[in-house]
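S.K.: This is the structure I have questions about; it appears just below.
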Amino acid sequence: MNDECKVSFPIFDELCERGEAWNPYQYMLKLSSAAVGKILLGQDFHHFESLDSPMHRLPMAIAEVLVLNKKVSTMGEWYSHLPFGDPKKLRDLGQEIADTIVKSMEEAKASGTEDLPLQEAALKAADVIGTVSAMSNEKEVKS
């Protein structure tokens, strides 16, 4: 998490040097989602490569799911089953997010993880996905 904060400092310094007022919301969103992406998925979202770096698709999809879920859930259960409009978009975004997580898990497994007890897996892994993919239960069956 410290590394993600350090990467953002040059951007904040540049904003300060401009002497202009700026809205911190987008940068805090980038910073928090970058930290979560690194800790959970082991992915660098490249949010602070430049002042105008775009948001990664995953946090944008999650934010959009939250908005759509509120809209769809207030319309009644029947509405959520419609094959078009916001309900379809909500399902598609949910699938996109799931696919991204599954891809991260497959990449972690492909990187040569070994079966380890939970405590050892947690100490050796760089992220949560790596911990889960390296973890085995007491019967040594891969989780």
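By order of appearance in the structure tokens: chains A, B, ..., then residues from 1 within every chain, and ligands from 1 in the order shown.
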If you take only C-alpha atoms and a cut-off of 10 Å, which residues of segment 64-102 of chain A touch segment 26-45 of chain A, and what are their nearest atom pairs and distances in Å to one decimal, in chain and number order, as JSON lines?

M.R.:
{"residue": "A:Thr100", "atom": "CA", "partner": "A:Leu41", "partner_atom": "CA", "distance": 9.3}
{"residue": "A:Ile101", "atom": "CA", "partner": "A:Leu41", "partner_atom": "CA", "distance": 7.3}
{"residue": "A:Val102", "atom": "CA", "partner": "A:Leu41", "partner_atom": "CA", "distance": 9.9}

S.K.: Taking the chain letters and numbering used in this document, name the residues of segment 56-117 of chain A that DSSP puts in helix (DSSP H, G or I), as a PyMOL selection string.

M.R.: chain A and resi 57-73+77-80+85-110

S.K.: Would you put the residues from that selection into a file with N, CA and C atoms, as a compact mmCIF listing (two decimals), in the first residue's frame?

M.R.:
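Resulting contents of out36.txt:
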# COMPACT_ATOMS: atom_id res chain seq x y z
N ARG A 57 -10.43 -0.33 -16.05
CA ARG A 57 -11.80 -0.75 -16.32
C ARG A 57 -12.46 -1.42 -15.11
N LEU A 58 -11.72 -2.19 -14.32
CA LEU A 58 -12.33 -2.91 -13.20
C LEU A 58 -12.99 -2.00 -12.17
N PRO A 59 -12.30 -0.99 -11.62
CA PRO A 59 -12.99 -0.11 -10.67
C PRO A 59 -14.14 0.67 -11.30
N MET A 60 -14.01 1.00 -12.57
CA MET A 60 -15.11 1.69 -13.25
C MET A 60 -16.32 0.76 -13.37
N ALA A 61 -16.08 -0.50 -13.68
CA ALA A 61 -17.18 -1.47 -13.79
C ALA A 61 -17.85 -1.68 -12.44
N ILE A 62 -17.06 -1.75 -11.38
CA ILE A 62 -17.62 -1.95 -10.04
C ILE A 62 -18.49 -0.75 -9.66
N ALA A 63 -18.01 0.46 -9.94
CA ALA A 63 -18.80 1.66 -9.64
C ALA A 63 -20.10 1.66 -10.44
N GLU A 64 -20.02 1.24 -11.70
CA GLU A 64 -21.21 1.20 -12.54
C GLU A 64 -22.20 0.14 -12.05
N VAL A 65 -21.68 -0.99 -11.57
CA VAL A 65 -22.55 -2.04 -11.01
C VAL A 65 -23.32 -1.50 -9.81
N LEU A 66 -22.66 -0.74 -8.96
CA LEU A 66 -23.34 -0.19 -7.79
C LEU A 66 -24.50 0.73 -8.18
N VAL A 67 -24.27 1.56 -9.18
CA VAL A 67 -25.33 2.47 -9.66
C VAL A 67 -26.47 1.67 -10.27
N LEU A 68 -26.13 0.73 -11.15
CA LEU A 68 -27.17 -0.06 -11.82
C LEU A 68 -27.93 -0.95 -10.85
N ASN A 69 -27.23 -1.51 -9.88
CA ASN A 69 -27.89 -2.37 -8.90
C ASN A 69 -28.96 -1.60 -8.13
N LYS A 70 -28.65 -0.37 -7.78
CA LYS A 70 -29.63 0.46 -7.07
C LYS A 70 -30.85 0.72 -7.96
N LYS A 71 -30.60 1.04 -9.22
CA LYS A 71 -31.71 1.31 -10.15
C LYS A 71 -32.57 0.06 -10.36
N VAL A 72 -31.91 -1.08 -10.61
CA VAL A 72 -32.64 -2.31 -10.93
C VAL A 72 -33.38 -2.84 -9.71
N SER A 73 -32.75 -2.78 -8.54
CA SER A 73 -33.38 -3.35 -7.35
C SER A 73 -34.61 -2.56 -6.90
N GLU A 77 -38.46 -7.37 -8.63
CA GLU A 77 -37.72 -8.53 -9.11
C GLU A 77 -37.98 -8.83 -10.58
N TRP A 78 -39.21 -8.65 -11.04
CA TRP A 78 -39.54 -8.93 -12.43
C TRP A 78 -38.66 -8.13 -13.38
N TYR A 79 -38.34 -6.89 -13.00
CA TYR A 79 -37.54 -6.01 -13.85
C TYR A 79 -36.13 -6.55 -14.04
N SER A 80 -35.58 -7.17 -13.00
CA SER A 80 -34.20 -7.66 -13.07
C SER A 80 -34.03 -8.80 -14.07
N GLY A 85 -31.76 -3.47 -21.62
CA GLY A 85 -31.69 -2.30 -20.75
C GLY A 85 -30.74 -2.48 -19.57
N ASP A 86 -31.05 -1.77 -18.48
CA ASP A 86 -30.20 -1.78 -17.29
C ASP A 86 -30.02 -3.18 -16.68
N PRO A 87 -31.07 -4.01 -16.62
CA PRO A 87 -30.85 -5.34 -16.06
C PRO A 87 -29.82 -6.16 -16.84
N LYS A 88 -29.88 -6.09 -18.17
CA LYS A 88 -28.91 -6.83 -18.98
C LYS A 88 -27.51 -6.24 -18.78
N LYS A 89 -27.42 -4.92 -18.75
CA LYS A 89 -26.13 -4.28 -18.54
C LYS A 89 -25.54 -4.66 -17.19
N LEU A 90 -26.39 -4.76 -16.17
CA LEU A 90 -25.95 -5.16 -14.84
C LEU A 90 -25.39 -6.59 -14.86
N ARG A 91 -26.10 -7.49 -15.51
CA ARG A 91 -25.61 -8.87 -15.63
C ARG A 91 -24.30 -8.93 -16.41
N ASP A 92 -24.21 -8.19 -17.50
CA ASP A 92 -23.00 -8.18 -18.31
C ASP A 92 -21.80 -7.65 -17.54
N LEU A 93 -22.01 -6.57 -16.79
CA LEU A 93 -20.93 -6.02 -15.98
C LEU A 93 -20.51 -6.98 -14.88
N GLY A 94 -21.47 -7.64 -14.26
CA GLY A 94 -21.15 -8.64 -13.24
C GLY A 94 -20.29 -9.76 -13.82
N GLN A 95 -20.63 -10.18 -15.03
CA GLN A 95 -19.84 -11.22 -15.70
C GLN A 95 -18.44 -10.72 -16.05
N GLU A 96 -18.35 -9.47 -16.49
CA GLU A 96 -17.04 -8.88 -16.81
C GLU A 96 -16.14 -8.84 -15.58
N ILE A 97 -16.71 -8.44 -14.44
CA ILE A 97 -15.94 -8.40 -13.20
C ILE A 97 -15.51 -9.80 -12.79
N ALA A 98 -16.42 -10.76 -12.87
CA ALA A 98 -16.10 -12.15 -12.52
C ALA A 98 -15.01 -12.69 -13.44
N ASP A 99 -15.08 -12.39 -14.72
CA ASP A 99 -14.07 -12.85 -15.68
C ASP A 99 -12.70 -12.28 -15.34
N THR A 100 -12.66 -11.02 -14.94
CA THR A 100 -11.39 -10.39 -14.57
C THR A 100 -10.78 -11.07 -13.35
N ILE A 101 -11.61 -11.39 -12.37
CA ILE A 101 -11.11 -12.05 -11.16
C ILE A 101 -10.63 -13.46 -11.48
N VAL A 102 -11.39 -14.19 -12.29
CA VAL A 102 -11.00 -15.54 -12.68
C VAL A 102 -9.69 -15.50 -13.46
N LYS A 103 -9.53 -14.52 -14.33
CA LYS A 103 -8.29 -14.39 -15.10
C LYS A 103 -7.10 -14.17 -14.16
N SER A 104 -7.29 -13.33 -13.14
CA SER A 104 -6.22 -13.09 -12.17
C SER A 104 -5.87 -14.37 -11.41
N MET A 105 -6.90 -15.16 -11.09
CA MET A 105 -6.65 -16.42 -10.39
C MET A 105 -5.90 -17.39 -11.29
N GLU A 106 -6.27 -17.46 -12.56
CA GLU A 106 -5.57 -18.35 -13.49
C GLU A 106 -4.12 -17.93 -13.68
N GLU A 107 -3.88 -16.62 -13.74
CA GLU A 107 -2.51 -16.12 -13.87
C GLU A 107 -1.69 -16.46 -12.64
N ALA A 108 -2.31 -16.38 -11.47
CA ALA A 108 -1.60 -16.72 -10.22
C ALA A 108 -1.25 -18.20 -10.20
N LYS A 109 -2.18 -19.04 -10.64
CA LYS A 109 -1.91 -20.48 -10.68
C LYS A 109 -0.84 -20.81 -11.71
N ALA A 110 -0.86 -20.12 -12.84
CA ALA A 110 0.11 -20.38 -13.91
C ALA A 110 1.52 -19.92 -13.54

S.K.: Quick one: pull the distance between atom CA of Pro10 of chain A and atom CA of His46 of chain A, Å, one decimal.

M.R.: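 Separation between atom CA of Pro10 of chain A and atom CA of His46 of chain A: 13.5 Å.
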
S.K.: Measure the distance from atom CA of Ser50 of chain A to atom CA of Ile11 of chain A in Å and round it to one decimal.

M.R.: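 Answer for the atom CA of Ser50 of chain A to atom CA of Ile11 of chain A separation: 6.9 Å.
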
S.K.: Quick one, how far is atom CA of Val128 of chain A from atom CA of Glu4 of chain A?

M.R.: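 Value for the atom CA of Val128 of chain A-atom CA of Glu4 of chain A distance: 16.4 Å.
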
S.K.: Restricting the calculation to only C-alpha atoms: of A:Leu51, A:His56, A:Gly76, A:His81, which residue gets closest to Cys16 of chain A?

M.R.: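 Result for the nearest residue to Cys16 of chain A: A:Leu51.
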